[in-house]
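Structure file data.cif (mmCIF, C-alpha atoms and all ligand atoms) follows.
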data_work
loop_
_atom_site.label_atom_id
_atom_site.label_comp_id
_atom_site.auth_asym_id
_atom_site.auth_seq_id
_atom_site.Cartn_x
_atom_site.Cartn_y
_atom_site.Cartn_z
CA MET A 19 -21.01 38.49 -2.83
CA ARG A 20 -20.65 37.90 -6.57
CA ILE A 21 -17.51 36.82 -8.36
CA VAL A 22 -17.37 37.00 -12.14
CA LEU A 23 -14.70 35.23 -14.18
CA GLU A 24 -14.33 36.67 -17.66
CA ASN A 25 -12.57 35.81 -20.93
CA ILE A 26 -11.97 32.22 -19.81
CA ARG A 27 -10.01 30.40 -22.50
CA GLU A 28 -11.63 27.05 -21.56
CA LEU A 29 -14.36 26.52 -19.00
CA VAL A 30 -13.98 22.81 -18.38
CA GLN A 31 -16.55 20.20 -17.33
CA VAL A 32 -19.68 22.18 -18.10
CA ALA A 33 -22.37 19.59 -17.48
CA ASP A 34 -26.00 18.88 -17.05
CA CYS A 35 -26.62 18.66 -13.29
CA SER A 36 -28.43 15.36 -13.71
CA VAL A 37 -25.23 13.61 -14.85
CA ARG A 38 -24.08 11.73 -11.75
CA PHE A 39 -20.99 10.08 -13.24
CA LYS A 40 -19.54 9.05 -16.58
CA ALA A 41 -18.88 5.43 -17.56
CA GLY A 42 -17.17 3.58 -20.40
CA LYS A 43 -17.06 5.56 -23.67
CA GLU A 44 -18.78 8.57 -22.06
CA MET A 45 -15.65 9.05 -20.00
CA SER A 46 -13.90 10.46 -23.04
CA SER A 47 -16.49 13.18 -23.49
CA LEU A 48 -15.78 16.42 -21.73
CA SER A 49 -17.81 19.49 -22.38
CA VAL A 50 -15.66 22.61 -22.68
CA LEU A 51 -16.87 26.15 -23.31
CA LYS A 52 -14.35 28.42 -25.04
CA ASN A 53 -14.08 32.18 -24.45
CA ALA A 54 -16.53 31.93 -21.59
CA TYR A 55 -17.68 33.65 -18.42
CA LEU A 56 -18.73 32.18 -15.07
CA VAL A 57 -20.74 33.98 -12.40
CA MET A 58 -20.90 32.84 -8.76
CA ARG A 59 -23.01 34.34 -6.01
CA ASP A 60 -22.36 33.55 -2.37
CA GLY A 61 -20.40 30.46 -3.28
CA ILE A 62 -22.99 29.05 -5.71
CA ILE A 63 -22.74 28.95 -9.51
CA GLU A 64 -25.31 31.39 -10.84
CA GLY A 65 -24.58 31.23 -14.53
CA PHE A 66 -22.05 30.81 -17.32
CA GLY A 67 -21.88 31.02 -21.09
CA PRO A 68 -19.99 32.49 -24.00
CA MET A 69 -18.47 35.94 -23.36
CA LYS A 70 -20.73 37.55 -25.97
CA ASP A 71 -23.72 36.80 -23.70
CA LEU A 72 -22.23 38.55 -20.66
CA ASN A 73 -24.17 41.79 -20.70
CA ASP A 74 -24.30 44.70 -18.27
CA GLU A 75 -27.36 43.31 -16.58
CA LYS A 76 -25.28 40.38 -15.36
CA LEU A 77 -22.61 42.79 -14.12
CA ASP A 78 -24.82 44.77 -11.73
CA ASN A 79 -23.65 46.79 -8.74
CA ASP A 80 -23.55 43.75 -6.62
CA VAL A 81 -20.45 42.44 -8.45
CA LEU A 82 -17.59 42.75 -6.05
CA VAL A 83 -14.90 40.88 -7.86
CA GLU A 84 -14.24 40.60 -11.57
CA LEU A 85 -11.34 38.36 -12.59
CA ASP A 86 -9.89 38.41 -16.06
CA CYS A 87 -9.08 34.84 -17.12
CA THR A 88 -7.57 35.58 -20.52
CA ASN A 89 -5.52 32.59 -21.72
CA ARG A 90 -6.48 30.69 -18.58
CA VAL A 91 -8.43 27.50 -17.96
CA VAL A 92 -11.13 27.23 -15.28
CA MET A 93 -11.95 23.83 -13.81
CA PRO A 94 -14.28 22.62 -11.08
CA SER A 95 -12.13 21.82 -8.02
CA TYR A 96 -10.96 18.25 -7.70
CA CYS A 97 -12.93 15.91 -5.47
CA ASP A 98 -10.60 13.59 -3.58
CA SER A 99 -12.84 10.72 -2.54
CA HIS A 100 -10.29 8.69 -0.54
CA THR A 101 -7.83 10.05 2.02
CA HIS A 102 -6.48 9.32 5.49
CA LEU A 103 -5.20 12.84 6.07
CA VAL A 104 -5.75 12.86 9.81
CA PHE A 105 -2.62 11.20 11.21
CA ALA A 106 -0.16 11.82 13.99
CA SER A 107 3.20 11.28 12.32
CA SER A 108 4.95 10.41 9.08
CA ARG A 109 6.68 7.05 8.42
CA GLU A 110 9.98 7.71 6.65
CA GLN A 111 11.70 4.68 8.20
CA GLU A 112 9.31 2.30 6.40
CA PHE A 113 9.98 4.17 3.17
CA VAL A 114 13.68 3.40 3.61
CA ASP A 115 12.95 -0.21 4.64
CA ARG A 116 11.01 -0.71 1.43
CA ILE A 117 13.84 0.74 -0.65
CA ASN A 118 16.05 -1.84 1.08
CA GLY A 119 13.77 -4.66 0.00
CA LEU A 120 10.96 -5.17 2.52
CA SER A 121 7.42 -5.29 1.20
CA TYR A 122 4.41 -3.34 2.55
CA GLU A 123 2.95 -6.60 3.90
CA GLU A 124 6.21 -7.65 5.58
CA ILE A 125 6.44 -4.29 7.33
CA ALA A 126 2.81 -4.64 8.46
CA LYS A 127 3.46 -8.17 9.80
CA ARG A 128 6.31 -6.85 11.95
CA GLY A 129 3.95 -4.40 13.64
CA GLY A 130 4.83 -1.48 11.41
CA GLY A 131 2.53 0.17 8.92
CA ILE A 132 -0.97 0.96 10.15
CA LEU A 133 -0.12 -0.32 13.66
CA ASN A 134 2.80 2.09 13.73
CA SER A 135 0.44 4.98 12.97
CA ALA A 136 -1.98 3.70 15.62
CA LYS A 137 0.79 3.85 18.22
CA SER A 138 1.45 7.52 17.59
CA MET A 139 -2.27 8.22 17.48
CA GLU A 140 -2.62 7.05 21.10
CA SER A 141 -0.45 9.82 22.52
CA VAL A 142 -1.17 12.77 20.23
CA SER A 143 -3.49 15.45 21.56
CA GLU A 144 -6.72 16.22 19.75
CA GLU A 145 -5.52 19.77 19.23
CA GLU A 146 -2.25 18.73 17.56
CA LEU A 147 -4.11 16.25 15.39
CA TYR A 148 -6.53 18.95 14.31
CA ASP A 149 -3.77 21.48 13.56
CA SER A 150 -1.71 19.12 11.44
CA ALA A 151 -4.78 17.90 9.51
CA MET A 152 -5.87 21.50 8.91
CA ARG A 153 -2.41 22.24 7.49
CA ARG A 154 -2.79 19.29 5.11
CA LEU A 155 -6.22 20.51 4.07
CA HIS A 156 -4.73 23.88 3.27
CA GLU A 157 -1.93 22.22 1.31
CA ILE A 158 -4.36 20.25 -0.88
CA ALA A 159 -6.66 23.25 -1.31
CA LEU A 160 -3.72 25.06 -2.91
CA GLN A 161 -3.30 22.05 -5.21
CA GLY A 162 -6.87 22.37 -6.46
CA THR A 163 -8.93 20.10 -4.21
CA GLY A 164 -12.31 21.44 -3.11
CA ALA A 165 -13.95 18.34 -1.63
CA VAL A 166 -12.30 15.56 0.33
CA GLU A 167 -13.27 12.35 2.10
CA ILE A 168 -11.29 11.61 5.26
CA LYS A 169 -11.14 8.27 7.06
CA SER A 170 -10.46 7.28 10.63
CA GLY A 171 -8.59 3.99 11.02
CA TYR A 172 -5.34 4.95 12.74
CA GLY A 173 -7.05 4.70 16.13
CA LEU A 174 -7.97 1.02 16.35
CA SER A 175 -9.40 1.56 19.84
CA THR A 176 -12.70 3.16 20.72
CA GLU A 177 -11.02 6.13 22.31
CA SER A 178 -8.61 6.86 19.46
CA GLU A 179 -11.12 6.20 16.67
CA LEU A 180 -13.52 8.66 18.29
CA LYS A 181 -10.70 11.17 18.66
CA MET A 182 -10.01 11.00 14.92
CA LEU A 183 -13.68 11.28 14.01
CA ARG A 184 -14.14 14.30 16.27
CA VAL A 185 -11.20 15.96 14.56
CA ILE A 186 -12.81 15.32 11.15
CA ARG A 187 -16.06 16.80 12.45
CA ARG A 188 -14.22 19.98 13.51
CA LEU A 189 -12.49 20.17 10.13
CA LYS A 190 -15.89 19.95 8.43
CA LYS A 191 -17.06 22.92 10.43
CA ASP A 192 -13.96 25.10 10.08
CA SER A 193 -12.67 24.40 6.57
CA PRO A 194 -14.04 25.91 3.36
CA MET A 195 -13.81 22.45 1.80
CA VAL A 196 -16.65 19.99 1.44
CA ILE A 197 -15.71 17.09 3.72
CA LYS A 198 -17.13 13.59 4.19
CA SER A 199 -16.12 11.37 7.06
CA THR A 200 -15.61 7.61 6.97
CA PHE A 201 -15.28 5.23 9.91
CA LEU A 202 -12.46 2.74 9.23
CA GLY A 203 -12.13 0.91 12.55
CA ALA A 204 -11.46 -2.21 10.46
CA HIS A 205 -8.17 -0.95 9.06
CA ALA A 206 -5.97 -3.52 10.83
CA ILE A 207 -6.22 -5.96 13.73
CA PRO A 208 -4.48 -4.36 16.74
CA GLU A 209 -1.55 -6.29 18.20
CA LYS A 210 -3.40 -7.23 21.40
CA PHE A 211 -6.24 -8.88 19.45
CA LYS A 212 -4.08 -10.85 17.07
CA ASP A 213 -5.02 -14.15 18.66
CA ASP A 214 -8.67 -13.23 18.97
CA ARG A 215 -9.60 -11.29 15.86
CA GLN A 216 -13.30 -11.75 16.43
CA LYS A 217 -13.04 -9.89 19.72
CA TYR A 218 -11.80 -6.76 17.94
CA ILE A 219 -14.56 -7.11 15.35
CA GLU A 220 -17.10 -7.31 18.20
CA GLN A 221 -15.59 -4.15 19.63
CA ILE A 222 -16.06 -2.36 16.32
CA ILE A 223 -19.64 -3.55 16.03
CA HIS A 224 -20.85 -3.23 19.62
CA GLU A 225 -18.67 -0.53 21.12
CA MET A 226 -17.56 1.85 18.38
CA LEU A 227 -20.42 1.83 15.87
CA PRO A 228 -23.29 2.65 18.25
CA VAL A 229 -21.47 5.73 19.62
CA ILE A 230 -20.37 6.88 16.17
CA ALA A 231 -23.89 6.55 14.82
CA ALA A 232 -25.50 8.22 17.82
CA ASP A 233 -23.14 11.20 17.61
CA ASP A 234 -23.38 11.36 13.83
CA LEU A 235 -19.60 11.12 13.58
CA ALA A 236 -19.39 9.36 10.22
CA ASP A 237 -21.03 9.43 6.80
CA TYR A 238 -19.66 6.08 5.61
CA ILE A 239 -18.06 2.87 6.86
CA ASP A 240 -14.97 1.28 5.33
CA VAL A 241 -13.09 -2.03 5.74
CA PHE A 242 -9.60 -3.00 4.56
CA CYS A 243 -10.73 -6.27 2.98
CA ASP A 244 -7.46 -7.73 1.81
CA GLN A 245 -4.72 -10.31 2.29
CA GLY A 246 -3.32 -10.10 5.84
CA PHE A 247 -6.03 -7.65 6.99
CA PHE A 248 -9.77 -8.48 7.04
CA THR A 249 -11.27 -11.50 5.27
CA SER A 250 -14.41 -11.26 3.15
CA LEU A 251 -16.49 -12.86 5.89
CA GLU A 252 -15.14 -10.51 8.57
CA SER A 253 -15.71 -7.56 6.25
CA GLU A 254 -19.30 -8.63 5.63
CA GLN A 255 -20.07 -8.69 9.36
CA ILE A 256 -18.70 -5.19 9.80
CA LEU A 257 -20.37 -3.68 6.74
CA MET A 258 -23.70 -5.25 7.68
CA ALA A 259 -23.44 -3.71 11.14
CA GLY A 260 -22.57 -0.34 9.60
CA LEU A 261 -25.55 -0.52 7.27
CA LYS A 262 -27.83 -1.16 10.26
CA HIS A 263 -26.61 2.17 11.60
CA GLY A 264 -27.25 3.86 8.27
CA LEU A 265 -23.61 3.97 7.12
CA ARG A 266 -23.09 3.10 3.46
CA PRO A 267 -19.91 1.13 2.76
CA LYS A 268 -16.79 2.20 0.89
CA VAL A 269 -14.32 -0.69 0.69
CA HIS A 270 -10.50 -0.94 0.51
CA ALA A 271 -10.36 -3.78 -2.00
CA ASN A 272 -7.87 -5.77 -4.05
CA GLU A 273 -4.74 -3.80 -3.21
CA LEU A 274 -2.68 -6.84 -2.25
CA GLY A 275 -4.47 -9.68 -4.03
CA LEU A 276 -7.64 -11.06 -5.57
CA THR A 277 -9.23 -11.43 -2.17
CA GLY A 278 -12.92 -10.83 -2.78
CA GLY A 279 -13.11 -7.20 -1.68
CA VAL A 280 -14.78 -6.02 -4.87
CA GLN A 281 -17.45 -8.72 -4.59
CA VAL A 282 -18.11 -7.81 -0.95
CA GLY A 283 -18.42 -4.14 -1.88
CA VAL A 284 -20.92 -4.86 -4.65
CA LYS A 285 -22.91 -7.22 -2.42
CA TYR A 286 -23.42 -4.46 0.14
CA ASN A 287 -24.00 -1.72 -2.46
CA ALA A 288 -20.82 0.14 -1.53
CA LEU A 289 -20.59 3.68 -2.82
CA SER A 290 -17.09 2.84 -4.01
CA VAL A 291 -14.50 0.08 -4.03
CA ASP A 292 -11.02 1.51 -3.88
CA HIS A 293 -7.43 0.52 -4.81
CA LEU A 294 -8.10 -2.28 -7.36
CA GLU A 295 -4.48 -3.00 -8.16
CA HIS A 296 -5.52 -6.64 -8.62
CA MET A 297 -8.51 -7.01 -10.92
CA GLY A 298 -9.59 -10.11 -12.84
CA VAL A 299 -12.42 -10.62 -15.30
CA ASP A 300 -14.78 -11.58 -12.45
CA GLU A 301 -14.06 -8.37 -10.54
CA ILE A 302 -14.75 -6.27 -13.63
CA ASN A 303 -17.92 -8.19 -14.50
CA VAL A 304 -19.39 -8.01 -11.02
CA LEU A 305 -19.15 -4.20 -11.07
CA LYS A 306 -21.14 -3.84 -14.30
CA GLY A 307 -24.53 -2.18 -13.89
CA THR A 308 -24.00 -1.47 -10.17
CA GLU A 309 -24.05 1.80 -8.24
CA THR A 310 -20.52 1.18 -6.94
CA MET A 311 -17.76 3.46 -8.25
CA PRO A 312 -14.45 1.67 -9.00
CA THR A 313 -11.83 4.03 -7.58
CA VAL A 314 -8.16 3.82 -8.46
CA LEU A 315 -5.44 5.29 -6.23
CA PRO A 316 -2.39 6.05 -8.39
CA GLY A 317 -0.39 7.47 -5.48
CA ALA A 318 -0.39 4.16 -3.58
CA ALA A 319 0.51 2.07 -6.63
CA PHE A 320 3.33 4.50 -7.46
CA PHE A 321 4.70 4.86 -3.94
CA LEU A 322 4.54 1.13 -3.08
CA ASN A 323 5.51 -0.09 -6.56
CA LEU A 324 2.31 -2.07 -6.90
CA PRO A 325 0.80 -3.11 -10.22
CA PHE A 326 -1.22 -0.37 -11.89
CA SER A 327 -4.96 -1.16 -12.10
CA PRO A 328 -6.18 -2.25 -15.53
CA VAL A 329 -8.08 0.98 -16.07
CA ARG A 330 -8.30 0.55 -19.86
CA ASP A 331 -9.97 -2.84 -19.40
CA MET A 332 -12.37 -1.35 -16.88
CA ILE A 333 -13.37 1.54 -19.10
CA GLY A 334 -13.46 -0.81 -22.10
CA ALA A 335 -15.97 -2.97 -20.21
CA GLY A 336 -18.21 0.08 -19.79
CA LEU A 337 -17.33 0.83 -16.16
CA PRO A 338 -16.83 4.30 -14.71
CA VAL A 339 -13.50 5.00 -12.98
CA ALA A 340 -12.68 7.58 -10.32
CA LEU A 341 -9.20 8.64 -9.25
CA ALA A 342 -8.33 9.68 -5.68
CA SER A 343 -5.11 10.39 -3.80
CA ASP A 344 -5.27 8.04 -0.77
CA TYR A 345 -3.26 10.75 1.06
CA ASN A 346 -1.77 8.91 4.08
CA PRO A 347 1.61 8.48 5.77
CA GLY A 348 2.16 4.84 4.72
CA SER A 349 1.23 4.31 1.10
CA SER A 350 0.70 7.74 -0.44
CA PRO A 351 2.15 10.72 1.39
CA SER A 352 0.72 13.18 -1.12
CA GLY A 353 -2.75 14.53 -1.75
CA ASN A 354 -1.82 16.24 -4.98
CA MET A 355 -4.70 15.56 -7.38
CA ASN A 356 -2.85 17.24 -10.26
CA PHE A 357 -0.28 14.48 -9.94
CA MET A 358 -2.97 11.76 -9.61
CA MET A 359 -4.52 13.01 -12.83
CA ALA A 360 -1.12 13.04 -14.56
CA MET A 361 -0.51 9.47 -13.37
CA GLY A 362 -3.94 8.55 -14.75
CA CYS A 363 -2.74 9.69 -18.16
CA ILE A 364 0.84 8.47 -18.03
CA LYS A 365 0.62 5.16 -16.19
CA TYR A 366 -2.99 4.12 -16.78
CA LYS A 367 -3.25 5.46 -20.35
CA MET A 368 -6.30 7.56 -19.67
CA THR A 369 -6.88 10.49 -22.00
CA PRO A 370 -6.89 13.92 -20.34
CA GLU A 371 -10.68 13.98 -20.79
CA GLU A 372 -11.06 10.65 -18.98
CA ALA A 373 -8.67 11.71 -16.23
CA ILE A 374 -10.57 14.97 -15.69
CA ASN A 375 -13.88 13.10 -15.45
CA ALA A 376 -12.23 10.66 -13.02
CA THR A 377 -10.99 13.42 -10.69
CA THR A 378 -14.12 15.61 -10.79
CA ILE A 379 -17.57 14.21 -11.48
CA ASN A 380 -16.75 10.52 -10.89
CA SER A 381 -14.82 11.15 -7.69
CA ALA A 382 -17.61 13.49 -6.54
CA TYR A 383 -20.01 10.55 -6.95
CA ALA A 384 -17.59 8.26 -5.08
CA MET A 385 -17.88 10.47 -2.00
CA GLY A 386 -21.57 11.26 -2.35
CA VAL A 387 -21.26 14.93 -3.32
CA ASP A 388 -22.07 14.78 -7.03
CA GLY A 389 -25.20 16.86 -6.37
CA ILE A 390 -23.10 19.86 -5.31
CA CYS A 391 -19.57 19.37 -6.70
CA GLY A 392 -17.66 17.88 -9.60
CA SER A 393 -18.98 19.90 -12.54
CA ILE A 394 -19.87 23.40 -13.64
CA CYS A 395 -23.62 23.67 -13.54
CA THR A 396 -26.02 26.25 -12.18
CA GLY A 397 -26.84 25.67 -8.55
CA LYS A 398 -23.73 23.63 -7.70
CA LEU A 399 -21.04 25.06 -5.45
CA GLY A 400 -18.71 27.54 -7.13
CA ASN A 401 -15.59 25.68 -6.02
CA VAL A 402 -13.23 26.17 -8.94
CA PHE A 403 -9.62 26.89 -9.78
CA ILE A 404 -8.11 29.16 -12.40
CA THR A 405 -4.85 28.12 -14.01
CA LYS A 406 -1.91 30.23 -15.06
CA GLU A 407 -1.74 31.09 -18.76
CA ILE A 408 -1.74 27.73 -20.57
CA PRO A 409 -2.73 26.55 -24.05
CA GLY A 410 -5.48 24.25 -22.80
CA TYR A 411 -6.57 21.72 -20.14
CA SER A 412 -4.19 18.99 -21.37
CA SER A 413 -1.33 21.11 -20.00
CA ILE A 414 -2.39 20.15 -16.47
CA PRO A 415 -1.47 16.43 -16.67
CA TYR A 416 1.33 17.18 -19.17
CA HIS A 417 3.20 19.28 -16.59
CA TYR A 418 2.98 16.32 -14.23
CA ALA A 419 4.96 17.75 -11.37
CA GLY A 420 4.16 21.41 -11.90
CA ASN A 421 1.56 23.50 -10.24
CA LEU A 422 -0.30 25.40 -12.90
CA ILE A 423 -2.93 26.72 -10.50
CA GLU A 424 -2.98 30.47 -10.01
CA THR A 425 -6.24 31.24 -8.20
CA ILE A 426 -8.55 29.13 -6.06
CA ILE A 427 -12.15 29.91 -5.21
CA LEU A 428 -13.70 27.90 -2.40
CA ASP A 429 -16.90 28.58 -0.50
CA GLY A 430 -17.30 31.96 -2.21
CA GLN A 431 -13.84 33.16 -1.17
CA ILE A 432 -10.70 33.69 -3.20
CA ILE A 433 -8.01 31.71 -1.39
O1 LIG B 501 -5.32 2.96 1.47
N1 LIG B 501 -4.51 0.05 2.36
C1 LIG B 501 -4.87 0.40 3.45
N2 LIG B 501 -4.86 1.62 3.96
C2 LIG B 501 -4.14 2.73 3.45
C3 LIG B 501 -2.74 2.76 3.88
C4 LIG B 501 -2.57 2.70 5.29
C5 LIG B 501 -1.18 2.90 5.76
O2 LIG B 501 -0.24 2.22 5.32
O3 LIG B 501 -1.05 3.74 6.63
C6 LIG B 501 -4.23 2.75 1.95
O4 LIG B 501 -3.25 2.56 1.24
FE FE B 502 -6.72 4.08 1.83
#
Could you quickly redo this structure as structure tokens?
Amino acid sequence: MRIVLENIRELVQVADCSVRFKAGKEMSSLSVLKNAYLVMRDGIIEGFGPMKDLNDEKLDNDVLVELDCTNRVVMPSYCDSHTHLVFASSREQEFVDRINGLSYEEIAKRGGGILNSAKSMESVSEEELYDSAMRRLHEIALQGTGAVEIKSGYGLSTESELKMLRVIRRLKKDSPMVIKSTFLGAHAIPEKFKDDRQKYIEQIIHEMLPVIAADDLADYIDVFCDQGFFTSLESEQILMAGLKHGLRPKVHANELGLTGGVQVGVKYNALSVDHLEHMGVDEINVLKGTETMPTVLPGAAFFLNLPFSPVRDMIGAGLPVALASDYNPGSSPSGNMNFMMAMGCIKYKMTPEEAINATTINSAYAMGVDGICGSICTGKLGNVFITKEIPGYSSIPYHYAGNLIETIILDGQII
């Protein structure tokens, strides 16, 4: 089936397919076509251009849907390269505890936090887990996301980690979204291994990884390399084992301190290093010229009152930056990429152009889907959204808590 969008006020992020991400000064360039059309066939972008070039030949009998986008902006769907949206229950009590003065690390030390989520993961059925995650996928689809990475990591036992990864595999099959799956067995040390951390690490390496790799249950491997969680040396063991099974790393780094996570990520050619609330000159320098995407998670910094990453310094040093939601019950109970983009502008002083690059092409790269998502170019997936009537793309981060999205097209279907 063909869908044709006509009279588009601004067709945003029109790009050469060979552009894999934008770094440094390039992040402020955003190619926008005014008064444009966009044609998609069977979910793939077939062509686009100025309205004057849309002739009858392009509108043949095969066109089933024509949408008038007068005064509207069309954007490639957001790519959310970091989420934990498969979880069993929310954690409002910790939210209240933090308001009353406890820190994220103090709550974790008391057995709350990730361990709290792991407890509820034990008893939830696979079906319930699937249903609730599917509802969250639907929720973020309506907020403009078309591709999402989802991590395990609330299992912390072979059985529960596999349960989570099987749910993600089913979501991949059933959802119109593009989904990547990441194994995060090293999210926290379970209570029963707290006096023998190495034993849990051995379980990850020798019990979980071989099954996950054999059943093709994950695309990437992740480690929470941070203060109070996994040390650099522990993280290295785990990432090395993952690489042996063909899983490229993505690292949770520098959320709670300058603890070496960025350096570990770069050493093992991670696809991305994520969080980065604590960044020094060394962390910025080590990322230069690498294939690792620095990924900032505004939702977690906002929700936990953490320092905001020095994004201006990173871009000023020539680095690329991606933005993702970190959707999870503990540190960012929202997967709203409109809001993440607005935070990029408001709290991190990114221009709208930089924030759009960070939530589309750069975040597509950070989850390994830049070949099919993240920009408008012929041959990529036609996952796009159409806004309500607005003056231009800057309205999206400007209306930081609004939802300006009117129509969503995913996998060739109007949602
Ligand atoms: O990315 N930082 C580690 N992991 C998640 C939060 C996990 C949780 O608190 O449930 C994050 O913020
Ligand atoms: Fe996370």
Given only C-alpha atoms as the basis, pick out the residue of A:Val387, A:Val50, A:Met332, A:Val269 nearest to Gly164 of chain A. A:Val387
Could you give me, as a Markdown table, every chain A residue with an atom at most 6 Å from ligand LIG 501 (chain B), plus its closest atom pair and distance in Å to one decimal, counting all atoms listed in the file, rows ordered by chain then number?
| residue | atom | partner | partner_atom | distance |
| --- | --- | --- | --- | --- |
| A:Gly131 | CA | B:LIG501 | O2 | 5.0 |
| A:Ile132 | CA | B:LIG501 | O3 | 4.5 |
| A:Phe242 | CA | B:LIG501 | C1 | 5.9 |
| A:Ala318 | CA | B:LIG501 | O4 | 5.8 |
| A:Asp344 | CA | B:LIG501 | O1 | 5.6 |
| A:Asn346 | CA | B:LIG501 | O3 | 5.8 |
| A:Pro347 | CA | B:LIG501 | O3 | 5.5 |
| A:Gly348 | CA | B:LIG501 | O2 | 3.6 |
| A:Ser349 | CA | B:LIG501 | O4 | 4.8 |
Could you dump the residues just selected with C-alpha atoms as a compact mmCIF listing (two decimals), in the frame of the given file?
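Full text of selection19.txt as output:
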# COMPACT_ATOMS: atom_id res chain seq x y z
CA GLY A 131 2.53 0.17 8.92
CA ILE A 132 -0.97 0.96 10.15
CA PHE A 242 -9.60 -3.00 4.56
CA ALA A 318 -0.39 4.16 -3.58
CA ASP A 344 -5.27 8.04 -0.77
CA ASN A 346 -1.77 8.91 4.08
CA PRO A 347 1.61 8.48 5.77
CA GLY A 348 2.16 4.84 4.72
CA SER A 349 1.23 4.31 1.10
Residues at most 7 Å from ligand FE 502 (chain B), using all atoms listed in the file? Could they come as a compact mmCIF listing (two decimals) with C-alpha atoms, in the coordinates of the input?
# COMPACT_ATOMS: atom_id res chain seq x y z
CA HIS A 100 -10.29 8.69 -0.54
CA THR A 101 -7.83 10.05 2.02
CA HIS A 102 -6.48 9.32 5.49
CA HIS A 270 -10.50 -0.94 0.51
CA ASP A 344 -5.27 8.04 -0.77
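Close contacts of Met93 of chain A, defined as residues with an atom at most 7 Å away when counting only C-alpha atoms, with chain neighbours fewer than 3 positions off set aside, comprise Leu29, Val30, Gln31, Val402, Phe403 and Ile404 of chain A.
The two atoms in question, atom CA of Lys190 of chain A and atom CA of Ile168 of chain A, are spaced 10.0 Å apart.
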Env of Arg20 of chain A: 7 Å cut, atoms = only C-alpha atoms, seq-sep filter 3 positions within chain, self excluded. Answer as an NGL selection string. :A and (58-60 or 80-83)
What's around Ser193 of chain A at 9 Å? Count all atoms listed in the file, leave out sequence neighbours fewer than 4 positions away in its own chain, and write the answer as a list in words. Met152, Leu155, His156, Arg188, Leu189 and Ile197 of chain A
At a cut-off of 6 Å, using only C-alpha atoms, what residues contact segment 308-314 of chain A? Leave out same-chain residues fewer than 2 positions from it and give the result as a CSV table (one decimal) with C-alpha atoms, in the coordinates of the input.
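The resulting file, part_37.csv, is reproduced below:
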chain,number,residue,atom,x,y,z
A,288,ALA,CA,-20.8,0.1,-1.5
A,289,LEU,CA,-20.6,3.7,-2.8
A,290,SER,CA,-17.1,2.8,-4.0
A,291,VAL,CA,-14.5,0.1,-4.0
A,292,ASP,CA,-11.0,1.5,-3.9
A,293,HIS,CA,-7.4,0.5,-4.8
A,305,LEU,CA,-19.2,-4.2,-11.1
A,306,LYS,CA,-21.1,-3.8,-14.3
A,339,VAL,CA,-13.5,5.0,-13.0
A,340,ALA,CA,-12.7,7.6,-10.3
A,341,LEU,CA,-9.2,8.6,-9.2
A,384,ALA,CA,-17.6,8.3,-5.1
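Counting all atoms listed in the file, the residue from A:Thr277, A:Ser99, A:Gln255, A:Ser343 that sits nearest to Met358 of chain A is A:Ser343.
Across the structure, atom CA of Gly353 of chain A and atom CA of Thr377 of chain A are spaced 12.2 Å apart.
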Which residues come within 9 Å of Pro415 of chain A, counting only C-alpha atoms, excluding same-chain residues fewer than 6 positions away, as number ranges by chain? A: 356-364, 370, 373
Go through A:Cys35, A:Ile222, A:Ala159, A:Val282 and flag the residue nearest Ile433 of chain A, using all atoms listed in the file for the distances.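 Among the listed residues, A:Ala159 lies closest to Ile433 of chain A.
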Counting only C-alpha atoms, select every polymer residue within 12 Å of (-21.6, 7.8, 14.2) as defined in the file's coordinates, and provide the selection as a VMD selection string. chain A and resid 170 176 179 to 180 183 to 184 186 to 187 199 to 203 222 to 223 225 to 239 260 to 266
Enter the distance from atom CA of Pro328 of chain A to atom CA of Tyr345 of chain A, in Å, rounded to one decimal.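 Distance between the two atoms: 21.3 Å.
Each of A:Ile62, A:Ile394, A:Leu160, A:Val92 was compared to Glu407 of chain A using only C-alpha atoms, and A:Val92 turns out to be the nearest.
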Of A:Ser381, A:Asn401, A:Leu23, A:Ile207, the one sitting nearest Gly129 of chain A when using only C-alpha atoms is A:Ile207
Selected residue, from A:Gly171, A:Gly246, A:Gly400, A:Gly130, that lies nearest to Ile432 of chain A when counting only C-alpha atoms: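 Closest residue, counting only C-alpha atoms: A:Gly400.
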